[in-house]
file start_10.pdb (PDB, C-alpha atoms)
MODEL        1
ATOM      1  CA  MET Y1107      12.639  26.335  40.942
ATOM      2  CA  ILE Y1108      13.534  25.258  37.442
ATOM      3  CA  ARG Y1109      17.159  25.783  36.412
ATOM      4  CA  PRO Y1110      19.654  24.441  33.853
ATOM      5  CA  LEU Y1111      20.954  20.944  34.651
ATOM      6  CA  VAL Y1112      24.572  21.123  35.878
ATOM      7  CA  ALA Y1113      27.216  18.413  36.262
ATOM      8  CA  ALA Y1114      26.547  18.031  39.996
ATOM      9  CA  ASP Y1115      22.926  17.026  39.166
ATOM     10  CA  ARG Y1116      23.911  14.085  36.945
ATOM     11  CA  ALA Y1117      23.704  11.365  39.593
ATOM     12  CA  ALA Y1118      20.350  12.628  40.900
ATOM     13  CA  VAL Y1119      18.922  12.712  37.367
ATOM     14  CA  HIS Y1120      20.219   9.228  36.603
ATOM     15  CA  ASP Y1121      18.596   7.994  39.793
ATOM     16  CA  ILE Y1122      15.240   9.571  38.857
ATOM     17  CA  VAL Y1123      15.310   8.128  35.337
ATOM     18  CA  ALA Y1124      16.228   4.671  36.670
ATOM     19  CA  ARG Y1125      13.478   4.756  39.296
ATOM     20  CA  ALA Y1126      10.829   6.125  36.908
ATOM     21  CA  GLY Y1127       9.973   2.511  36.138
ATOM     22  CA  ASN Y1128       8.973   2.775  32.489
ATOM     23  CA  PHE Y1129      12.434   3.047  30.908
ATOM     24  CA  THR Y1130      14.550   0.084  29.783
ATOM     25  CA  ASP Y1131      18.307   0.013  30.451
ATOM     26  CA  ASP Y1132      18.831   0.919  26.806
ATOM     27  CA  GLU Y1133      16.558   3.949  27.147
ATOM     28  CA  ILE Y1134      18.236   5.064  30.388
ATOM     29  CA  GLU Y1135      21.579   4.941  28.600
ATOM     30  CA  VAL Y1136      20.278   7.068  25.719
ATOM     31  CA  ALA Y1137      18.726   9.555  28.159
ATOM     32  CA  MET Y1138      22.067   9.975  29.951
ATOM     33  CA  GLU Y1139      23.959  10.332  26.671
ATOM     34  CA  LEU Y1140      21.859  13.408  25.901
ATOM     35  CA  VAL Y1141      22.467  14.777  29.415
ATOM     36  CA  ASP Y1142      26.208  14.252  28.941
ATOM     37  CA  GLU Y1143      26.201  16.003  25.574
ATOM     38  CA  TRP Y1144      24.380  18.954  27.141
ATOM     39  CA  LEU Y1145      26.914  19.049  30.013
ATOM     40  CA  ALA Y1146      29.872  18.876  27.606
ATOM     41  CA  GLU Y1147      28.765  21.325  24.946
ATOM     42  CA  GLY Y1148      25.774  23.289  26.203
ATOM     43  CA  GLU Y1149      23.340  24.353  23.497
ATOM     44  CA  ASP Y1150      25.893  23.536  20.789
ATOM     45  CA  SER Y1151      25.019  19.908  21.554
ATOM     46  CA  GLY Y1152      21.543  20.435  20.110
ATOM     47  CA  TYR Y1153      20.040  19.718  23.528
ATOM     48  CA  VAL Y1154      18.876  21.729  26.523
ATOM     49  CA  ALA Y1155      18.350  20.074  29.905
ATOM     50  CA  LEU Y1156      16.549  21.665  32.859
ATOM     51  CA  VAL Y1157      15.934  20.349  36.348
ATOM     52  CA  LEU Y1158      13.155  21.038  38.794
ATOM     53  CA  ALA Y1159      14.571  21.373  42.313
ATOM     54  CA  ASP Y1160      13.812  22.953  45.657
ATOM     55  CA  ASP Y1161      17.035  24.930  45.548
ATOM     56  CA  GLU Y1162      20.478  25.011  43.909
ATOM     57  CA  THR Y1163      21.545  21.739  45.525
ATOM     58  CA  SER Y1164      21.524  18.508  43.550
ATOM     59  CA  LYS Y1165      19.961  16.540  46.384
ATOM     60  CA  SER Y1166      16.779  18.588  46.019
ATOM     61  CA  VAL Y1167      16.320  17.668  42.319
ATOM     62  CA  LYS Y1168      12.840  16.214  41.699
ATOM     63  CA  GLY Y1169      12.760  15.906  37.930
ATOM     64  CA  TYR Y1170      14.243  16.952  34.629
ATOM     65  CA  VAL Y1171      13.344  17.655  31.037
ATOM     66  CA  CYS Y1172      15.504  17.508  27.896
ATOM     67  CA  PHE Y1173      14.567  19.070  24.557
ATOM     68  CA  GLY Y1174      16.143  20.583  21.468
ATOM     69  CA  PRO Y1175      15.541  21.917  17.963
ATOM     70  CA  ALA Y1176      14.626  19.252  15.391
ATOM     71  CA  PRO Y1177      17.434  19.205  12.805
ATOM     72  CA  MET Y1178      16.618  20.665   9.383
ATOM     73  CA  THR Y1179      13.419  22.331  10.563
ATOM     74  CA  GLU Y1180      12.438  25.939  11.070
ATOM     75  CA  GLY Y1181      11.010  26.287  14.556
ATOM     76  CA  THR Y1182      10.158  22.655  15.366
ATOM     77  CA  PHE Y1183      11.469  21.237  18.644
ATOM     78  CA  ASP Y1184      11.518  17.745  20.112
ATOM     79  CA  LEU Y1185      10.929  17.029  23.778
ATOM     80  CA  TYR Y1186      13.261  14.052  24.178
ATOM     81  CA  TRP Y1187      12.955  13.090  27.826
ATOM     82  CA  ILE Y1188      11.017  14.049  30.893
ATOM     83  CA  ALA Y1189      11.059  12.264  34.239
ATOM     84  CA  VAL Y1190       9.870  13.081  37.732
ATOM     85  CA  ASP Y1191      10.834  11.395  40.980
ATOM     86  CA  PRO Y1192       8.127   8.720  41.429
ATOM     87  CA  THR Y1193       7.733   9.640  45.101
ATOM     88  CA  THR Y1194       6.596  13.152  44.132
ATOM     89  CA  ARG Y1195       3.947  12.221  41.558
ATOM     90  CA  GLY Y1196       0.558  13.897  41.560
ATOM     91  CA  ARG Y1197       1.970  17.266  42.605
ATOM     92  CA  GLY Y1198       2.043  18.760  39.111
ATOM     93  CA  LEU Y1199       5.842  18.730  38.822
ATOM     94  CA  GLY Y1200       5.726  17.152  35.352
ATOM     95  CA  ARG Y1201       3.353  19.857  34.223
ATOM     96  CA  GLN Y1202       5.726  22.539  35.537
ATOM     97  CA  LEU Y1203       8.619  20.972  33.620
ATOM     98  CA  VAL Y1204       6.637  20.841  30.380
ATOM     99  CA  ALA Y1205       5.531  24.466  30.821
ATOM    100  CA  ALA Y1206       9.140  25.536  31.431
ATOM    101  CA  ALA Y1207      10.293  23.679  28.308
ATOM    102  CA  GLU Y1208       7.536  25.323  26.244
ATOM    103  CA  GLU Y1209       8.548  28.766  27.523
ATOM    104  CA  GLU Y1210      12.236  28.171  26.717
ATOM    105  CA  ILE Y1211      11.317  26.878  23.267
ATOM    106  CA  ARG Y1212       9.095  29.878  22.526
ATOM    107  CA  SER Y1213      11.941  32.178  23.568
ATOM    108  CA  ARG Y1214      14.134  30.415  20.962
ATOM    109  CA  GLY Y1215      11.581  30.974  18.198
ATOM    110  CA  GLY Y1216       9.980  27.541  18.450
ATOM    111  CA  ARG Y1217       6.481  27.160  17.027
ATOM    112  CA  LEU Y1218       5.849  23.400  17.204
ATOM    113  CA  LEU Y1219       6.778  20.961  19.979
ATOM    114  CA  LEU Y1220       6.721  17.214  19.398
ATOM    115  CA  ILE Y1221       6.928  14.372  21.898
ATOM    116  CA  GLU Y1222       7.366  10.757  20.827
ATOM    117  CA  THR Y1223       6.258   7.951  23.078
ATOM    118  CA  ALA Y1224       5.381   4.278  22.999
ATOM    119  CA  SER Y1225       1.834   2.970  22.883
ATOM    120  CA  GLN Y1226       2.552   0.089  25.271
ATOM    121  CA  GLU Y1227       0.598  -0.217  28.479
ATOM    122  CA  SER Y1228       3.337   1.059  30.801
ATOM    123  CA  TYR Y1229       3.022   4.421  29.066
ATOM    124  CA  THR Y1230      -0.726   4.835  29.641
ATOM    125  CA  ALA Y1231      -0.186   7.410  32.391
ATOM    126  CA  THR Y1232       2.363   9.229  30.231
ATOM    127  CA  ILE Y1233      -0.070   9.435  27.329
ATOM    128  CA  ARG Y1234      -2.826  10.817  29.595
ATOM    129  CA  PHE Y1235      -0.353  13.329  30.974
ATOM    130  CA  TYR Y1236       0.444  14.700  27.502
ATOM    131  CA  GLU Y1237      -3.232  14.873  26.584
ATOM    132  CA  ARG Y1238      -3.995  16.837  29.752
ATOM    133  CA  SER Y1239      -1.072  19.134  28.940
ATOM    134  CA  GLY Y1240      -2.672  20.124  25.634
ATOM    135  CA  TYR Y1241      -0.928  17.733  23.240
ATOM    136  CA  ASP Y1242      -2.668  15.883  20.419
ATOM    137  CA  VAL Y1243      -1.602  12.617  18.787
ATOM    138  CA  VAL Y1244      -0.600  13.560  15.238
ATOM    139  CA  SER Y1245       1.064  10.328  14.164
ATOM    140  CA  ARG Y1246       1.085   6.628  14.983
ATOM    141  CA  ILE Y1247       3.684   4.355  13.417
ATOM    142  CA  ARG Y1248       2.578   0.791  14.015
ATOM    143  CA  ASP Y1249       5.025  -1.763  15.417
ATOM    144  CA  TYR Y1250       7.792   0.859  15.597
ATOM    145  CA  TYR Y1251       9.430  -0.098  18.896
ATOM    146  CA  ARG Y1252       8.598  -3.791  18.526
ATOM    147  CA  PRO Y1253       5.668  -5.737  17.093
ATOM    148  CA  GLY Y1254       2.587  -4.487  18.932
ATOM    149  CA  ASP Y1255       4.315  -1.402  20.360
ATOM    150  CA  ASP Y1256       3.618   1.654  18.205
ATOM    151  CA  LYS Y1257       5.322   5.043  18.195
ATOM    152  CA  LEU Y1258       2.925   7.871  18.995
ATOM    153  CA  THR Y1259       3.870  11.465  18.287
ATOM    154  CA  PHE Y1260       2.171  14.173  20.321
ATOM    155  CA  ALA Y1261       2.227  17.765  19.117
ATOM    156  CA  LYS Y1262       1.432  21.175  20.500
ATOM    157  CA  ASN Y1263       1.324  24.362  18.478
ATOM    158  CA  LEU Y1264       3.283  26.995  20.397
ATOM    159  CA  GLY Y1265       2.283  29.653  17.865
ATOM    160  CA  SER Y1266       2.334  33.228  19.057
TER     161      SER Y1266
ATOM    162  CA  MET E1286      28.236  -2.822  -8.222
ATOM    163  CA  ILE E1287      27.121  -1.781  -4.763
ATOM    164  CA  ARG E1288      29.837  -1.656  -2.113
ATOM    165  CA  PRO E1289      30.513   0.005   1.260
ATOM    166  CA  LEU E1290      31.336   3.715   1.018
ATOM    167  CA  VAL E1291      35.069   4.297   1.661
ATOM    168  CA  ALA E1292      36.987   7.488   2.461
ATOM    169  CA  ALA E1293      38.116   7.926  -1.149
ATOM    170  CA  ASP E1294      34.432   8.179  -2.198
ATOM    171  CA  ARG E1295      33.663  11.134   0.073
ATOM    172  CA  ALA E1296      34.235  13.896  -2.494
ATOM    173  CA  ALA E1297      32.202  12.087  -5.171
ATOM    174  CA  VAL E1298      29.317  11.549  -2.745
ATOM    175  CA  HIS E1299      29.404  15.171  -1.604
ATOM    176  CA  ASP E1300      29.291  16.239  -5.242
ATOM    177  CA  ILE E1301      26.260  14.005  -5.958
ATOM    178  CA  VAL E1302      24.379  15.265  -2.895
ATOM    179  CA  ALA E1303      25.145  18.892  -3.785
ATOM    180  CA  ARG E1304      24.046  18.421  -7.403
ATOM    181  CA  ALA E1305      20.892  16.465  -6.511
ATOM    182  CA  GLY E1306      19.101  19.812  -6.421
ATOM    183  CA  ASN E1307      16.573  19.168  -3.656
ATOM    184  CA  PHE E1308      18.838  19.487  -0.615
ATOM    185  CA  THR E1309      19.569  22.722   1.239
ATOM    186  CA  ASP E1310      23.097  23.551   2.432
ATOM    187  CA  ASP E1311      21.989  22.570   5.927
ATOM    188  CA  GLU E1312      20.758  19.191   4.692
ATOM    189  CA  ILE E1313      23.955  18.577   2.692
ATOM    190  CA  GLU E1314      25.948  19.227   5.862
ATOM    191  CA  VAL E1315      23.860  16.752   7.863
ATOM    192  CA  ALA E1316      24.162  14.134   5.103
ATOM    193  CA  MET E1317      27.965  14.454   5.140
ATOM    194  CA  GLU E1318      28.094  14.304   8.946
ATOM    195  CA  LEU E1319      26.513  10.851   8.768
ATOM    196  CA  VAL E1320      28.968   9.797   6.040
ATOM    197  CA  ASP E1321      31.844  11.006   8.216
ATOM    198  CA  GLU E1322      30.569   9.115  11.244
ATOM    199  CA  TRP E1323      30.330   5.951   9.142
ATOM    200  CA  LEU E1324      33.885   6.488   7.832
ATOM    201  CA  ALA E1325      35.244   7.106  11.342
ATOM    202  CA  GLU E1326      33.494   4.354  13.274
ATOM    203  CA  GLY E1327      31.898   1.910  10.835
ATOM    204  CA  GLU E1328      28.735   0.279  12.107
ATOM    205  CA  ASP E1329      29.484   1.433  15.656
ATOM    206  CA  SER E1330      28.411   4.861  14.397
ATOM    207  CA  GLY E1331      24.841   3.611  14.033
ATOM    208  CA  TYR E1332      25.028   4.185  10.282
ATOM    209  CA  VAL E1333      25.835   2.148   7.196
ATOM    210  CA  ALA E1334      26.682   3.840   3.898
ATOM    211  CA  LEU E1335      26.839   2.083   0.532
ATOM    212  CA  VAL E1336      27.736   3.437  -2.899
ATOM    213  CA  LEU E1337      26.631   2.334  -6.341
ATOM    214  CA  ALA E1338      29.588   2.479  -8.726
ATOM    215  CA  ASP E1339      30.817   0.959 -11.979
ATOM    216  CA  ASP E1340      33.917  -0.366 -10.247
ATOM    217  CA  GLU E1341      36.115   0.121  -7.157
ATOM    218  CA  THR E1342      37.173   3.615  -8.226
ATOM    219  CA  SER E1343      35.591   6.668  -6.652
ATOM    220  CA  LYS E1344      35.233   8.459  -9.972
ATOM    221  CA  SER E1345      32.711   5.820 -11.073
ATOM    222  CA  VAL E1346      30.388   6.442  -8.078
ATOM    223  CA  LYS E1347      26.831   7.182  -9.274
ATOM    224  CA  GLY E1348      24.898   7.269  -6.022
ATOM    225  CA  TYR E1349      24.809   6.364  -2.360
ATOM    226  CA  VAL E1350      22.457   5.317   0.408
ATOM    227  CA  CYS E1351      22.796   5.709   4.190
ATOM    228  CA  PHE E1352      20.703   3.830   6.740
ATOM    229  CA  GLY E1353      20.862   2.486  10.275
ATOM    230  CA  PRO E1354      18.930   0.907  13.131
ATOM    231  CA  ALA E1355      16.416   3.213  14.828
ATOM    232  CA  PRO E1356      17.583   3.681  18.442
ATOM    233  CA  MET E1357      15.522   1.925  21.124
ATOM    234  CA  THR E1358      13.657  -0.269  18.644
ATOM    235  CA  GLU E1359      13.750  -3.980  17.901
ATOM    236  CA  GLY E1360      14.251  -4.409  14.173
ATOM    237  CA  THR E1361      13.224  -0.976  12.880
ATOM    238  CA  PHE E1362      15.635   0.839  10.565
ATOM    239  CA  ASP E1363      15.715   4.350   9.127
ATOM    240  CA  LEU E1364      16.815   5.105   5.588
ATOM    241  CA  TYR E1365      18.441   8.493   6.227
ATOM    242  CA  TRP E1366      19.729   9.560   2.815
ATOM    243  CA  ILE E1367      19.711   8.404  -0.748
ATOM    244  CA  ALA E1368      21.008  10.325  -3.748
ATOM    245  CA  VAL E1369      21.797   9.467  -7.333
ATOM    246  CA  ASP E1370      23.845  11.482  -9.823
ATOM    247  CA  PRO E1371      21.229  13.612 -11.618
ATOM    248  CA  THR E1372      22.808  12.832 -14.995
ATOM    249  CA  THR E1373      22.046   9.116 -14.526
ATOM    250  CA  ARG E1374      18.374   9.387 -13.563
ATOM    251  CA  GLY E1375      15.775   7.091 -15.092
ATOM    252  CA  ARG E1376      18.128   4.111 -15.177
ATOM    253  CA  GLY E1377      16.816   2.488 -12.020
ATOM    254  CA  LEU E1378      19.933   3.224  -9.940
ATOM    255  CA  GLY E1379      17.884   4.579  -7.035
ATOM    256  CA  ARG E1380      15.811   1.417  -7.044
ATOM    257  CA  GLN E1381      18.990  -0.696  -6.933
ATOM    258  CA  LEU E1382      20.273   1.289  -3.949
ATOM    259  CA  VAL E1383      16.993   0.879  -2.058
ATOM    260  CA  ALA E1384      16.953  -2.854  -2.797
ATOM    261  CA  ALA E1385      20.542  -3.194  -1.559
ATOM    262  CA  ALA E1386      19.691  -1.312   1.636
ATOM    263  CA  GLU E1387      16.656  -3.557   2.215
ATOM    264  CA  GLU E1388      18.785  -6.660   1.747
ATOM    265  CA  GLU E1389      21.453  -5.423   4.176
ATOM    266  CA  ILE E1390      18.775  -4.506   6.697
ATOM    267  CA  ARG E1391      17.086  -7.911   6.437
ATOM    268  CA  SER E1392      20.466  -9.571   6.989
ATOM    269  CA  ARG E1393      20.769  -7.548  10.236
ATOM    270  CA  GLY E1394      17.361  -8.715  11.467
ATOM    271  CA  GLY E1395      15.457  -5.637  10.331
ATOM    272  CA  ARG E1396      11.711  -6.002   9.881
ATOM    273  CA  LEU E1397      10.527  -2.420   9.244
ATOM    274  CA  LEU E1398      12.192   0.283   7.140
ATOM    275  CA  LEU E1399      11.145   3.912   7.447
ATOM    276  CA  ILE E1400      11.974   6.858   5.213
ATOM    277  CA  GLU E1401      11.146  10.423   6.190
ATOM    278  CA  THR E1402      10.740  13.079   3.537
ATOM    279  CA  ALA E1403       9.263  16.513   3.019
ATOM    280  CA  SER E1404       5.910  17.125   1.356
ATOM    281  CA  GLN E1405       7.117  20.212  -0.520
ATOM    282  CA  GLU E1406       6.899  20.286  -4.296
ATOM    283  CA  SER E1407      10.601  19.686  -4.971
ATOM    284  CA  TYR E1408      10.141  16.243  -3.424
ATOM    285  CA  THR E1409       7.276  15.145  -5.692
ATOM    286  CA  ALA E1410       9.530  12.854  -7.734
ATOM    287  CA  THR E1411      11.046  11.448  -4.532
ATOM    288  CA  ILE E1412       7.619  10.638  -3.127
ATOM    289  CA  ARG E1413       6.573   8.860  -6.380
ATOM    290  CA  PHE E1414       9.846   6.946  -6.267
ATOM    291  CA  TYR E1415       9.131   5.583  -2.778
ATOM    292  CA  GLU E1416       5.574   4.668  -3.716
ATOM    293  CA  ARG E1417       6.796   2.750  -6.771
ATOM    294  CA  SER E1418       9.361   1.022  -4.544
ATOM    295  CA  GLY E1419       6.598  -0.429  -2.360
ATOM    296  CA  TYR E1420       6.509   2.131   0.455
ATOM    297  CA  ASP E1421       3.316   3.491   2.013
ATOM    298  CA  VAL E1422       2.849   6.806   3.784
ATOM    299  CA  VAL E1423       2.188   5.900   7.419
ATOM    300  CA  SER E1424       2.485   9.337   9.005
ATOM    301  CA  ARG E1425       2.202  13.007   8.098
ATOM    302  CA  ILE E1426       3.250  15.660  10.620
ATOM    303  CA  ARG E1427       1.902  18.968   9.393
ATOM    304  CA  ASP E1428       4.182  22.005   9.189
ATOM    305  CA  TYR E1429       7.141  19.976  10.483
ATOM    306  CA  TYR E1430       9.949  21.380   8.332
ATOM    307  CA  ARG E1431       8.351  24.829   8.073
ATOM    308  CA  PRO E1432       4.780  26.107   7.844
ATOM    309  CA  GLY E1433       3.242  24.391   4.822
ATOM    310  CA  ASP E1434       5.987  21.758   4.550
ATOM    311  CA  ASP E1435       4.955  18.526   6.244
ATOM    312  CA  LYS E1436       7.043  15.532   7.237
ATOM    313  CA  LEU E1437       5.906  12.329   5.528
ATOM    314  CA  THR E1438       7.069   8.949   6.786
ATOM    315  CA  PHE E1439       7.101   6.071   4.328
ATOM    316  CA  ALA E1440       7.267   2.506   5.591
ATOM    317  CA  LYS E1441       7.880  -0.924   4.149
ATOM    318  CA  ASN E1442       7.442  -4.158   6.028
ATOM    319  CA  LEU E1443      10.523  -6.285   5.413
ATOM    320  CA  GLY E1444       8.964  -9.217   7.265
ATOM    321  CA  SER E1445      10.344 -12.644   6.561
TER     322      SER E1445
ENDMDL
END
call {"tool": "encode", "arguments": {"input": "start_10.pdb", "output": "structure tokens"}}
result
Amino acid sequence: MIRPLVAADRAAVHDIVARAGNFTDDEIEVAMELVDEWLAEGEDSGYVALVLADDETSKSVKGYVCFGPAPMTEGTFDLYWIAVDPTTRGRGLGRQLVAAAEEEIRSRGGRLLLIETASQESYTATIRFYERSGYDVVSRIRDYYRPGDDKLTFAKNLGS
Amino acid sequence: MIRPLVAADRAAVHDIVARAGNFTDDEIEVAMELVDEWLAEGEDSGYVALVLADDETSKSVKGYVCFGPAPMTEGTFDLYWIAVDPTTRGRGLGRQLVAAAEEEIRSRGGRLLLIETASQESYTATIRFYERSGYDVVSRIRDYYRPGDDKLTFAKNLGS
């Protein structure tokens, strides 16, 4: 099941993000800041966070996704974070989370979904995942994260 | 003179942003949110705001610029907002503000400065201004702001 992330899920989500293996401490901190804003303010925070779990319990959480409307746009959304428990990879859970995010975004009038990611080698699997999920690279900003590590933006048209 | 934006300048800056003519109410609100975060927390906010003024008084403020480090990057900065009193255009004040921002960013170890703007017609002068200031378009995300209004990203290498 996919359901809104609640306060009891925070530790499980932190654990998944930390064990994902491709996030720095700095990135983990930013990811949890967004989770905390969602928990404190709900959609007024500008973020929505969903978890994928076997049931309502936090110990069954296998992954999460965080997205929100891009400020000053009409109908563009950003997918900020997605992570799946590394022990459950290859079972299509990431794909289910992306599909759930797309459905929620469409229901909020979203027409364009963007995902930013790094070009560095540790993201190779991530990049393939987005391509398989129907996203195209629409922008590359060279040396964005650090010299040699570009920012790629993937996009999918959610048009009706 | 160019100096840090202080609380007494807030009304003058709001007035300049509102009279600039190319910002929507939504954009004006976002611009002032960043100013308020800078006033409340200083650099801990993640933003720096400078004003161009004839002297220390707020009534002499002619323009402002707001920038900050891009989260999760090493040495990349975003120039978030820049506005000059429309009655003082053509005197190179915008160029002075950009140069001051670049200098401050270099002094903080910045190596890459990015500026995002809209492709719509009301931004034509803005786009020419960035090009004349040595910025290149490095990314265009189609239909980002709304259908037909793309997001352009300008970049300048501040390398030593």
call {"tool": "residues_around", "arguments": {"input": "start_10.pdb", "residues": "range 1379-1388 of chain E", "least_positions_apart": "3", "cutoff": "9 Å", "atoms": "only C-alpha atoms", "output": "PyMOL selection string"}}
result
chain E and resi 1287+1333-1337+1348-1352+1364+1367-1369+1374-1376+1391-1393+1395+1398+1414-1415+1418+1443
call {"tool": "atom_distance", "arguments": {"input": "start_10.pdb", "atom1": "CA of Ala1440 in chain E", "atom2": "CA of Trp1366 in chain E"}}
result
14.6 Å
call {"tool": "resolve_selection", "arguments": {"input": "start_10.pdb", "expression": "the ChimeraX specification (/E :<8) & /Y", "output": "ChimeraX atom specification"}}
result
/Y:1132-1133,1178-1182,1218,1244-1247,1250-1252
call {"tool": "residues_around", "arguments": {"input": "start_10.pdb", "residues": "Ala1293 in chain E", "least_positions_apart": "4", "cutoff": "10 Å", "atoms": "only C-alpha atoms", "output": "list in words"}}
result
Ala1297, Val1298, Thr1342, Ser1343 and Lys1344 of chain E
call {"tool": "closest_residue", "arguments": {"input": "start_10.pdb", "among": "Y:Asp1256, Y:Asp1191, Y:Glu1210, Y:Glu1237", "to": "Ile1122 in chain Y", "atoms": "all atoms listed in the file"}}
result
Y:Asp1191
call {"tool": "atom_distance", "arguments": {"input": "start_10.pdb", "atom1": "CA of Ala1113 in chain Y", "atom2": "CA of Glu1139 in chain Y"}}
result
13.0 Å
call {"tool": "closest_residue", "arguments": {"input": "start_10.pdb", "among": "E:Gly1327, E:Pro1371, E:Gly1394, E:Gly1433", "to": "Lys1347 in chain E", "atoms": "only C-alpha atoms"}}
result
E:Pro1371
call {"tool": "closest_residue", "arguments": {"input": "start_10.pdb", "among": "Y:Ala1159, Y:Ile1221, Y:Val1112, Y:Val1167", "to": "Tyr1186 in chain Y", "atoms": "only C-alpha atoms"}}
result
Y:Ile1221
call {"tool": "resolve_selection", "arguments": {"input": "start_10.pdb", "expression": "the PyMOL selection byres ((chain Y and resi 1228) around 12)", "output": "ChimeraX atom specification"}}
result
/Y:1126-1130,1223-1227,1229-1234,1255
call {"tool": "atom_distance", "arguments": {"input": "start_10.pdb", "atom1": "CA of Leu1437 in chain E", "atom2": "CA of Asp1184 in chain Y"}}
result
16.5 Å
call {"tool": "axis_aligned_box", "arguments": {"input": "start_10.pdb", "around": "range 1228-1239 of chain Y", "padding_each_side": "3 Å", "output": "AutoDock Vina command-line options"}}
result
--center_x -0.3 --center_y 10.1 --center_z 29.5 --size_x 13.3 --size_y 24.1 --size_z 11.8
